[in-house]
Amino acid sequence: MTVALPPADERTVDGRRVRCRISGDGPPVVLLHGIGRTLDDFAALHTALARDHLVLAVDLPGHGGSAPLDGPHTLPALAGAVARFLDVAGVTGPAHLVGNSLGGAVAMRLAVDAPGRAASLALLNSAGFGREVTVALRLLAIRPLAPLLLRPHPRIVRRSERAIFYDPSYVTDERIAAALAVAGQPHAARVMLELVRDLGTWRGVRPRWRAELLDAVAALDLPTLLVWGDRDLILPAAHLAYARSRLPHARSHLFRDTGHMPQIERTAEVEALLRELWA
């Protein structure tokens, strides 16, 4: 199926199509999006950082224009797929890992599984710091409801997009159209359900994988930035306090009047925070 997404690059990894965007020159930066999303969530930040960095954004397996994996979609599987993509792209040394939502957990998993690939971690409204998550994702763990909630219906997609942003002006017709196209792919629902059920239940995010991952990340002692929006309806801003307690040496910032995607609603400010971390 042809996905109505903005133009991007493409690589073949393990015989699988991977949609990506690679631009700029300098120290490498890897941008990782959230569940059910695409690399386009980083479009503006990508352009800003590519002035003096090699920036690589990628649609995770089974998301956007990237083909699904042959096996189950789990956090370690996604991190491994990102590592193999970086190999194909010629980035084998340390890179600055930037992840939003699920992408934050993928970035942490990659840093733990392959420490030589991580120069720093920037976690934007990241999964992994609390049980609480939007009821829409928890309901996906209830099998009879999942097919209804994952229908590529304009009303459902618009409601989902509206929940992501504090400022409704970001819920554009272009974003709605792209989200509908992505949700309509034949593998989209399966990939979403595999991830949701691997990471959580109807009660919320599973504690075991979070505890293990955060212990391992803390032991790495990487330069780390924690960013949150105070109006996040997906992963509440209360998670930031716990993140600070688990990663006490990390820098942190809470944006006012900002939702789940500070890289979109606060692009310039997030860029400045990243550059401070990397300096």
# chains A, B, ... in the order shown; residues from 1 in each chain; ligands from 1
$ residues_around --residues "A:Pro94" --least-positions-apart "2" --cutoff "12 Å" --atoms "only C-alpha atoms" --output "count of residues only"
23
$ select_by_dssp --residues "stretch 51-255 of chain A" --states "strand (DSSP E or B)" --output "count of residues only"
33
$ atom_distance --atom1 "atom CA of A:Arg210" --atom2 "atom CA of A:Gly128"
5.1 Å
$ closest_residue --among "A:Arg51, A:His239, A:His249, A:Arg37" --to "A:Ser23" --atoms "only C-alpha atoms"
A:Arg51
$ closest_residue --among "A:Leu60, A:Leu31, A:Tyr166, A:Ala50" --to "A:Val13" --atoms "only C-alpha atoms"
A:Leu60
$ closest_residue --among "A:His46, A:Arg155, A:Arg256, A:His187" --to "A:Pro61" --atoms "only C-alpha atoms"
A:His187
$ closest_residue --among "A:Leu235, A:Arg19, A:Met108, A:Ala243" --to "A:Asp40" --atoms "only C-alpha atoms"
A:Arg19
$ closest_residue --among "A:Arg21, A:Arg159, A:His33, A:His260" --to "A:Gly103" --atoms "only C-alpha atoms"
A:His33
$ closest_residue --among "A:Ala238, A:Met192, A:Leu225, A:Ala279" --to "A:Val98" --atoms "only C-alpha atoms"
A:Leu225
